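> Sharing a structure below in structure tokens format, with a few things to ask.
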Amino acid sequence: MNRVILMGRLTRDPEVRYSAGDNSSAYARYTLAVDRRFTRRDSGEQTADFIPCVAFGRSAEFAEKYLHQGTKIVVSGRIQTGSYTNRDGQKVYTTDVVVEDQEFAESKAAASEGRGYSAPSSYEPAASRPAPTPAPAPSADGFMNIPDGIDEELPFN
């Protein structure tokens with residue numbers, strides 16, 4: 001199975017191009033900076049891997065329209081390797097993530113503030129919130145008792 005899931009930030013704006021011909025199709029290339037789990041021993045700095053990604057079709061058009069440098073996204077796809085001979089006659093090997101799905105990993109407000117999380121705007125301190133309703137206690141047979149009249153509150157029958 002060839003499946004990759006990455007979360008990181010774009011290192012620069014996606015490079016989007018369109019194929020020639022009647023059925024032109026978009027493709028986008030971008031690089032994700034993905035933080036490593038551990039820091040460097042000597043300096044304590046966070047390290048990252050820079051993963052080249054390529055998206056085709058609608059995914060590429062989405063990247064062109066909504067993604068830009070610094071955007072934190074989650075990408076899922078597959079690894080694809082290849083090779084070509086450059087102008088100097090040397091063989092160059094490539095490894096890319098072919099994007100099958102991409103989505104935002106933080107809100108627009110969090111991205112503009114440079115934070116990974118933004119508290120809800122209607123936040124209330126715990127003292128002013130109503131106490132939560134206790135859950136019904138399980139019966140002797142281990143199943144939860146269902147209160148009478150609950151049928152009217154269910155969204156389905």
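Note on naming: chains are A, B, ... as they come in the structure tokens, residues start from 1 per chain, ligands start from 1 in the order shown.
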Tell me, as a PyMOL selection string, which residues lie within 10 Å of region 33-36 of chain A, counting only C-alpha atoms; anything in the same chain fewer than 6 positions away does not count.

chain A and resi 6-12+46-52+70+72

> Given the choices A:Ser83, A:Thr95, A:Gly21, A:Thr71, which gets closest to Ala111 (chain A) if the distance is worked out from only C-alpha atoms?

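When distances to Ala111 (chain A) are compared using only C-alpha atoms, the smallest one comes from A:Thr71.
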